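Quick notes on the structure that follows.
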Amino acid sequence: MKSLTCGAVFFTAVLITGAWQAALGDMVVDDFESYHNGQIVGPTAGSTPWLRFGGATNDNVVATKHEKWLVSGATSGLYGLVWPNPFGAIRRVFDQPMDVSAYRAASVKMLSDTHRAQTMVRFAVSNGPTTFVSVKEYTLDTRPQQMVFPIGMDKMVRVVGSDGYAAVLQGALKAGFDFRSTGGEGYETVVFDDFVLHDEVPTAKEEEKVTVAD
Ligand SMILES: [Ca+2]
């Protein structure tokens with residue numbers, strides 16, 4: 001009986017440990033599959049579930065099922081920019097404050113309809129008054145690319161406000177992406193999908209599978 005009890009305790013411990021690890025896991029912030037074709041999901045700087053702002057913003061965040069724009073699944077997100085205005089930004093608004101500090105990385109699949117814009121992308125987290133952005137920055141490409149942004153005190157820098165890293169990351173109200181151009185001009189449509197928070201940084205090998213062409 002003793003060994004049975006021991007085994008049961010061990011098994012229970014494994015179950016609890018497993019449940020604890022599964023409790024965080026990866027969180028899909030948005031994969032756009034819940035929206036209908038052409039649905040405007042981010043029309044203003046104060047809208048939900050998405051918002052958009054910045055002088056380079058040229059169009060709303062819109063869900064699309066058009067095959068020309070598909071990145072993953074049946075629906076992707078679109079966002080319109082125009083350069084050389086300083087910057088554009090999109091954010092997914094959370095229903096309640098979220099502890100983003102528990103995650104190790106954010107990822108998104110993204111592409112641009114043009115090479116001319118020379119656009120750089122960063123991951124951003126905000127608690128309202130204060131915003132931190134990733135040190136890691138990607139160049140948009142006309143090919144779909146999975147961008148992986150590490151999350152951590154030394155992986156992000158404050159660009160707006162005065163709240164500390166912990167206050168912002170532990171009480172995040174919105175997260176998304178900042179866009180700037182390094183000399184581009186004209187209109188640009190950004191397609192994005194599978195915005196995910198990861199409890200482990202996806203390995204370089206996994207990232208490579210998506211970013212490197214066959
Ligand atoms: Ca999708």
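Each chain in the structure tokens gets a letter, A, B and so on, in the order shown; residues start at 1 in every chain, and ligands are counted from 1 in the order they appear.
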Dump the neighbourhood of ligand 1 as a ChimeraX atom specification: all residues within 6 Å, distances computed on only C-alpha atoms and all ligand atoms.
/A:31-33,72-76,193
Among region 5-214 of chain A, which residues carry a DSSP assignment of alpha helix (DSSP H), reported as number ranges by chain?
A: 5-24, 165-170, 204-211
List every residue of region 76-202 of chain A that DSSP, applied to the backbone, labels as strand (DSSP E), and write the result as a ChimeraX atom specification.
/A:76-83,88-98,105-112,119-126,131-134,138-139,145-150,156-160,172-181,186-198
Find the residue from A:Val108, A:Val28, A:Ile90, A:Val190 that sits nearest to Asp141 (chain A); use only C-alpha atoms when measuring.
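Once distances to Asp141 (chain A) are computed over only C-alpha atoms, the minimum belongs to A:Val190.
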Kindly indicate which residue among A:Arg91, A:Lys174, A:Arg143, A:His36 lies nearest to Asn60 (chain A), using only C-alpha atoms for the distances.
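Comparing A:Arg91, A:Lys174, A:Arg143, A:His36 against Asn60 (chain A), the winner is A:Arg91.
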Restrict the calculation to only C-alpha atoms, then for each residue of region 110-129 of chain A with any atom at most 7 Å from an atom of region 179-185 of chain A give the closest atom pair and their distance in Å to one decimal, rows by chain and rising residue number, as CSV.
```
residue,atom,partner,partner_atom,distance
A:Arg116,CA,A:Gly184,CA,5.7
A:Ala117,CA,A:Gly184,CA,3.9
A:Gln118,CA,A:Gly184,CA,5.2
A:Thr119,CA,A:Ser181,CA,4.3
A:Met120,CA,A:Arg180,CA,5.3
A:Val121,CA,A:Phe179,CA,4.9
A:Arg122,CA,A:Phe179,CA,6.7
```
Can I get the selected residues back with N, CA and C atoms, as a compact mmCIF listing (two decimals), in the first residue's frame?
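Printed below is result39.txt as written:
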```
# COMPACT_ATOMS: atom_id res chain seq x y z
N ARG A 116 9.30 49.46 -51.28
CA ARG A 116 9.69 50.87 -51.33
C ARG A 116 9.62 51.57 -49.98
N ALA A 117 8.78 51.03 -49.07
CA ALA A 117 8.53 51.76 -47.83
C ALA A 117 9.67 51.66 -46.81
N GLN A 118 10.52 50.62 -46.91
CA GLN A 118 11.65 50.46 -45.98
C GLN A 118 11.20 50.60 -44.53
N THR A 119 10.24 49.75 -44.16
CA THR A 119 9.58 49.89 -42.86
C THR A 119 10.17 48.95 -41.81
N MET A 120 10.37 49.50 -40.61
CA MET A 120 10.86 48.74 -39.46
C MET A 120 9.72 48.53 -38.47
N VAL A 121 9.71 47.35 -37.82
CA VAL A 121 8.62 46.98 -36.92
C VAL A 121 9.15 46.62 -35.54
N ARG A 122 8.49 47.15 -34.51
CA ARG A 122 8.81 46.78 -33.13
C ARG A 122 7.55 46.34 -32.41
```
Residues within 6 Å of Trp50 (chain A), only C-alpha atoms, excluding chain neighbours under 6 positions, as a list in words:
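In the requested form, the answer reads Val41, Gly42, Arg91, Arg92 and Val93 of chain A.
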Taking only C-alpha atoms into account, name the residue in A:Val125, A:Leu140, A:Leu51, A:Val100 that is nearest to Val191 (chain A).
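The answer is A:Leu140, which sits nearest to Val191 (chain A).
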